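**Student:** For reference, the structure I am asking about is given below.
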Amino acid sequence: MTASTSGKNSRNLLKTIPGLLISAFFLWYTFRGISFNQIVALRAVHPGWILGIFGFTVASYTLRCVRWTQMMPRGRQSIRAHFIVCARVLMTSLAANNILPLRIGDIMRIFTYAGDLGTSPSITLSTVILEKLLDIFILVLMFVSTVGGIATPHLRLIADVSLAISAIGLLILLVAARSLQPPVQRLFIRLPANPKLAKIEHWITLALDATGRLGVTGSLLLLLQTVVIWTCEGMIFLSAIRLLGLPVDRIAAWLAVSFANLSYLIPSSPGAIGPFELAVKTSLVNHGASMSQAAVFGLAIHAWMLISVTGAGGIIFLIPRLRMQNHKPLLEEIEQLPAQLP
């Protein structure tokens, strides 16, 4: 290992410290006042709901693989081969996001696996942008629909404005992507030269290009798939609530899943450890659960999501590498990632 590589690794390690501290604070805040006996007191009341947790987890991430497969250009590959490659890359990147800092899994999806996908990093980035926009829109919609009295007037206003902006932007993006590209380019030409504006223009163009390739029907199908994906995610939470017999109403699971996944937007350690648990606890407490029940549930459901996704992604990552006689070590692949997105 060279001195420059060692210095780069040290800088990257230092960048993770603020996130770890944020996670530690959120975990302390979530579990303060809760004893160890209260944590271990939670029991499985209706074991049959384990099948619901497992089934909806498989359905959710299978549909994610199908959705991203449809976003990516297929080229000359068969449909089956195209799905296998896209599923492997997506699950590997999700697993990496859970254990590595700075969302490195998404960066690896864009750069490291460009050769496997047979596309340029820019095309892959365009699909990642579209994927995030679809997910955030549905999550904000779920949050606004279920937040009720939890939100302060200020937070409610922010949520409503965010939903309106994302809804209008996504509708325009899905329906009028092809016709928008020339006006967007003309608009940015008139603006003063600025590297940040140029990067924004590039990312908007990539998102428009991604939806333009799919057409209106294909884009609306992606939106429908995203609704089904997050319905499955909500059913994972609902199944877990039924498993543990928590005394909450029907809205609790849907608020918890939206609030918890929006907490990933808060900078923290990999996997949003800390903010996720607090979001789940806040959601369930306001719908009937006790403080200890809600906190332990948040930790348990998060552990399941991290272990299941990371485990599946790790196995999918290792199988092809075990078959290869010569392959580049993972840490070396990470070190060679570029510092900026295309």
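Note on naming: chains are A, B, ... as they come in the structure tokens, residues start from 1 per chain, ligands start from 1 in the order shown.
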Quick one: DSSP alpha helix (DSSP H) residues in region 130-272 of chain A, as a PyMOL selection string?
**Tutor:** chain A and resi 130-146+153-175+177-190+195-244+252-262
**Student:** Name the residues in contact with Leu246 (chain A) at a cut-off of 7 Å, using only C-alpha atoms, excluding same-chain residues fewer than 4 positions from it; report them as a PyMOL selection string.
**Tutor:** chain A and resi 241-242+289
**Student:** Considering only C-alpha atoms, state which residue in the set A:Val184, A:Met91, A:Ile136, A:Ala300 is at the smallest distance from Gly105 (chain A).
**Tutor:** A:Met91
**Student:** Give the answer as one residue: which of A:Leu243, A:Val66, A:Leu255, A:Ala167 has the shortest atom-to-atom distance to Arg80 (chain A), using only C-alpha atoms?
**Tutor:**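 That would be A:Val66, the residue with the smallest distance to Arg80 (chain A).
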**Student:** Would you pick out the contacts of Leu90 (chain A) at 9 Å or less, using only C-alpha atoms, so that residues sharing its chain but fewer than 6 positions from it are not included, and give the list as a count of residues only?
**Tutor:** 7
**Student:** If we count only C-alpha atoms and set the cut-off at 9 Å, which residues sit around Ile53 (chain A), ignoring sequence neighbours fewer than 2 positions away in its own chain? Please answer as a ChimeraX atom specification.
**Tutor:** /A:49-51,55-58,235-240,243
**Student:** Please produce a file of the residues just selected, as a compact mmCIF listing (two decimals), in the first residue's frame, where the atoms kept are all heavy atoms.
**Tutor:**
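The result, written out as selection_20.txt:
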```txt
# COMPACT_ATOMS: atom_id res chain seq x y z
N TRP A 49 -46.95 -14.72 11.69
CA TRP A 49 -46.64 -13.50 10.93
C TRP A 49 -45.18 -13.46 10.48
O TRP A 49 -44.81 -12.58 9.68
CB TRP A 49 -46.97 -12.26 11.75
CG TRP A 49 -48.44 -11.98 11.78
CD1 TRP A 49 -49.33 -12.29 12.76
CD2 TRP A 49 -49.20 -11.33 10.74
NE1 TRP A 49 -50.60 -11.88 12.43
CE2 TRP A 49 -50.55 -11.28 11.19
CE3 TRP A 49 -48.88 -10.79 9.50
CZ2 TRP A 49 -51.57 -10.72 10.43
CZ3 TRP A 49 -49.89 -10.22 8.74
CH2 TRP A 49 -51.22 -10.19 9.20
N ILE A 50 -44.35 -14.39 10.96
CA ILE A 50 -42.97 -14.47 10.46
C ILE A 50 -42.98 -14.72 8.95
O ILE A 50 -42.13 -14.20 8.21
CB ILE A 50 -42.21 -15.59 11.19
CG1 ILE A 50 -42.00 -15.21 12.66
CG2 ILE A 50 -40.86 -15.87 10.53
CD1 ILE A 50 -41.36 -16.30 13.50
N LEU A 51 -43.94 -15.52 8.49
CA LEU A 51 -44.05 -15.79 7.05
C LEU A 51 -44.35 -14.51 6.28
O LEU A 51 -43.85 -14.32 5.17
CB LEU A 51 -45.15 -16.83 6.80
CG LEU A 51 -44.91 -18.23 7.38
CD1 LEU A 51 -46.13 -19.12 7.13
CD2 LEU A 51 -43.66 -18.84 6.76
N GLY A 55 -41.96 -13.18 3.44
CA GLY A 55 -42.54 -13.12 2.10
C GLY A 55 -42.54 -11.72 1.52
O GLY A 55 -42.17 -11.53 0.34
N PHE A 56 -42.93 -10.73 2.31
CA PHE A 56 -42.97 -9.36 1.80
C PHE A 56 -41.56 -8.79 1.60
O PHE A 56 -41.36 -7.93 0.73
CB PHE A 56 -43.79 -8.47 2.73
CG PHE A 56 -45.28 -8.69 2.60
CD1 PHE A 56 -46.01 -9.22 3.67
CD2 PHE A 56 -45.94 -8.41 1.42
CE1 PHE A 56 -47.37 -9.43 3.56
CE2 PHE A 56 -47.31 -8.61 1.30
CZ PHE A 56 -48.03 -9.14 2.36
N THR A 57 -40.59 -9.25 2.38
CA THR A 57 -39.20 -8.83 2.15
C THR A 57 -38.71 -9.34 0.80
O THR A 57 -38.12 -8.59 0.01
CB THR A 57 -38.29 -9.35 3.28
OG1 THR A 57 -38.74 -8.84 4.53
CG2 THR A 57 -36.85 -8.89 3.05
N VAL A 58 -38.95 -10.61 0.53
CA VAL A 58 -38.55 -11.19 -0.76
C VAL A 58 -39.26 -10.47 -1.90
O VAL A 58 -38.64 -10.10 -2.92
CB VAL A 58 -38.87 -12.70 -0.80
CG1 VAL A 58 -38.62 -13.26 -2.20
CG2 VAL A 58 -38.02 -13.45 0.22
N MET A 235 -46.04 -3.61 4.51
CA MET A 235 -46.55 -4.89 5.00
C MET A 235 -45.50 -5.63 5.83
O MET A 235 -45.86 -6.42 6.71
CB MET A 235 -47.00 -5.76 3.82
CG MET A 235 -48.26 -5.26 3.13
SD MET A 235 -49.68 -5.10 4.26
CE MET A 235 -49.88 -6.80 4.80
N ILE A 236 -44.22 -5.40 5.58
CA ILE A 236 -43.17 -5.96 6.44
C ILE A 236 -43.34 -5.41 7.86
O ILE A 236 -43.33 -6.15 8.84
CB ILE A 236 -41.77 -5.62 5.90
CG1 ILE A 236 -41.54 -6.27 4.53
CG2 ILE A 236 -40.69 -6.10 6.89
CD1 ILE A 236 -40.26 -5.80 3.84
N PHE A 237 -43.51 -4.09 7.95
CA PHE A 237 -43.69 -3.46 9.26
C PHE A 237 -44.99 -3.94 9.91
O PHE A 237 -45.01 -4.23 11.12
CB PHE A 237 -43.71 -1.93 9.10
CG PHE A 237 -42.36 -1.29 9.04
CD1 PHE A 237 -41.46 -1.61 8.03
CD2 PHE A 237 -41.98 -0.36 9.99
CE1 PHE A 237 -40.21 -1.02 7.97
CE2 PHE A 237 -40.73 0.25 9.94
CZ PHE A 237 -39.84 -0.09 8.93
N LEU A 238 -46.06 -4.03 9.13
CA LEU A 238 -47.34 -4.46 9.68
C LEU A 238 -47.26 -5.91 10.18
O LEU A 238 -47.78 -6.23 11.26
CB LEU A 238 -48.44 -4.33 8.63
CG LEU A 238 -49.86 -4.70 9.07
CD1 LEU A 238 -50.31 -3.81 10.22
CD2 LEU A 238 -50.83 -4.59 7.89
N SER A 239 -46.58 -6.76 9.42
CA SER A 239 -46.42 -8.16 9.83
C SER A 239 -45.62 -8.25 11.12
O SER A 239 -45.94 -9.05 12.01
CB SER A 239 -45.72 -8.95 8.72
OG SER A 239 -46.49 -8.97 7.53
N ALA A 240 -44.58 -7.42 11.24
CA ALA A 240 -43.76 -7.43 12.46
C ALA A 240 -44.56 -6.92 13.66
O ALA A 240 -44.42 -7.44 14.78
CB ALA A 240 -42.51 -6.58 12.26
N LEU A 243 -46.76 -9.72 14.62
CA LEU A 243 -45.94 -10.77 15.24
C LEU A 243 -45.73 -10.50 16.72
O LEU A 243 -45.84 -11.41 17.56
CB LEU A 243 -44.59 -10.85 14.52
CG LEU A 243 -43.52 -11.73 15.17
CD1 LEU A 243 -43.92 -13.20 15.12
CD2 LEU A 243 -42.17 -11.52 14.48
```
**Student:** Extract, using only C-alpha atoms, all DNA, RNA and protein residues at most 12 Å from region 29-46 of chain A, discarding same-chain residues fewer than 3 positions from it, and format them as a ChimeraX atom specification.
**Tutor:** /A:22-26,49-52,239-247,273-282,285,290-300
**Student:** Please provide the set of residues having any atom within 10 Å of Ala96 (chain A), restricted to only C-alpha atoms, with same-chain residues fewer than 3 positions apart removed, written as a PyMOL selection string.
**Tutor:** chain A and resi 90-93+99-101+103-109+270-271+309-310+313-314+317
**Student:** Tell me, counting only C-alpha atoms, for each residue of region 230-295 of chain A within 12 Å of region 118-133 of chain A, which pair of atoms is nearest and how far apart they are in Å to one decimal, in rows ordered by chain and increasing number, as a Markdown table.
**Tutor:**
```
| residue | atom | partner | partner_atom | distance |
| --- | --- | --- | --- | --- |
| A:Asn261 | CA | A:Lys132 | CA | 11.8 |
| A:Leu262 | CA | A:Lys132 | CA | 11.3 |
| A:Tyr264 | CA | A:Lys132 | CA | 11.7 |
| A:Leu265 | CA | A:Lys132 | CA | 11.2 |
```
**Student:** Would you put the residues from that selection into a file with all heavy atoms, as a PDB file, in the first residue's frame?
**Tutor:**
```pdb
ATOM      1  N   ASN A 261     -37.721   5.430   6.593  1.00  0.00           N
ATOM      2  CA  ASN A 261     -36.921   5.441   5.365  1.00  0.00           C
ATOM      3  C   ASN A 261     -36.552   6.859   4.942  1.00  0.00           C
ATOM      4  O   ASN A 261     -35.505   7.057   4.305  1.00  0.00           O
ATOM      5  CB  ASN A 261     -37.670   4.715   4.251  1.00  0.00           C
ATOM      6  CG  ASN A 261     -37.570   3.203   4.381  1.00  0.00           C
ATOM      7  OD1 ASN A 261     -36.584   2.596   3.993  1.00  0.00           O
ATOM      8  ND2 ASN A 261     -38.595   2.594   4.958  1.00  0.00           N
ATOM      9  N   LEU A 262     -37.372   7.843   5.285  1.00  0.00           N
ATOM     10  CA  LEU A 262     -36.962   9.229   5.044  1.00  0.00           C
ATOM     11  C   LEU A 262     -35.820   9.629   5.961  1.00  0.00           C
ATOM     12  O   LEU A 262     -35.068  10.546   5.657  1.00  0.00           O
ATOM     13  CB  LEU A 262     -38.159  10.163   5.240  1.00  0.00           C
ATOM     14  CG  LEU A 262     -39.223  10.143   4.138  1.00  0.00           C
ATOM     15  CD1 LEU A 262     -40.441  10.965   4.542  1.00  0.00           C
ATOM     16  CD2 LEU A 262     -38.658  10.632   2.810  1.00  0.00           C
ATOM     17  N   TYR A 264     -33.171   8.144   6.309  1.00  0.00           N
ATOM     18  CA  TYR A 264     -31.908   7.889   5.611  1.00  0.00           C
ATOM     19  C   TYR A 264     -31.328   9.173   5.025  1.00  0.00           C
ATOM     20  O   TYR A 264     -30.141   9.214   4.670  1.00  0.00           O
ATOM     21  CB  TYR A 264     -32.110   6.879   4.486  1.00  0.00           C
ATOM     22  CG  TYR A 264     -32.095   5.433   4.934  1.00  0.00           C
ATOM     23  CD1 TYR A 264     -33.209   4.837   5.492  1.00  0.00           C
ATOM     24  CD2 TYR A 264     -30.947   4.654   4.797  1.00  0.00           C
ATOM     25  CE1 TYR A 264     -33.204   3.510   5.909  1.00  0.00           C
ATOM     26  CE2 TYR A 264     -30.923   3.326   5.208  1.00  0.00           C
ATOM     27  CZ  TYR A 264     -32.050   2.756   5.762  1.00  0.00           C
ATOM     28  OH  TYR A 264     -32.032   1.454   6.174  1.00  0.00           O
ATOM     29  N   LEU A 265     -32.152  10.208   4.879  1.00  0.00           N
ATOM     30  CA  LEU A 265     -31.666  11.486   4.363  1.00  0.00           C
ATOM     31  C   LEU A 265     -30.815  12.222   5.392  1.00  0.00           C
ATOM     32  O   LEU A 265     -30.101  13.166   5.045  1.00  0.00           O
ATOM     33  CB  LEU A 265     -32.849  12.369   3.944  1.00  0.00           C
ATOM     34  CG  LEU A 265     -33.752  11.801   2.825  1.00  0.00           C
ATOM     35  CD1 LEU A 265     -34.940  12.718   2.599  1.00  0.00           C
ATOM     36  CD2 LEU A 265     -32.954  11.625   1.540  1.00  0.00           C
TER      37      LEU A 265
END
```
**Student:** Could you name the residues that touch Pro18 (chain A) at 10 Å or less, counting only C-alpha atoms, but leaving out those on the same chain fewer than 6 positions away, as a PyMOL selection string?
**Tutor:** chain A and resi 24+267-269
**Student:** Kindly indicate which residue among A:Ala176, A:Met142, A:Ile229, A:Val216 lies nearest to Ala260 (chain A), using only C-alpha atoms for the distances.
**Tutor:**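 The shortest atom-to-atom distance to Ala260 (chain A) comes from A:Met142.
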**Student:** Restricting the calculation to only C-alpha atoms: of A:Thr205, A:Ser308, A:Asp116, A:Phe111, which residue gets closest to Ala87 (chain A)?
**Tutor:** A:Asp116
**Student:** To one decimal place in Å, what is the distance between CA of Ser162 (chain A) and CA of Ala95 (chain A)?
**Tutor:**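 A separation of 28.7 Å between them.
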**Student:** For Val147 (chain A), which of A:Leu197, A:Phe259, A:Met305, A:Ile17 is the closest residue, counting only C-alpha atoms?
**Tutor:**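 Of the candidates, the smallest distance to Val147 (chain A) is held by A:Phe259.
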**Student:** From the list A:Ala59, A:Leu117, A:Leu155, A:Leu171, which residue is nearest Val85 (chain A) when using only C-alpha atoms?
**Tutor:**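 Of A:Ala59, A:Leu117, A:Leu155, A:Leu171, the one nearest Val85 (chain A), counting only C-alpha atoms, is A:Leu117.
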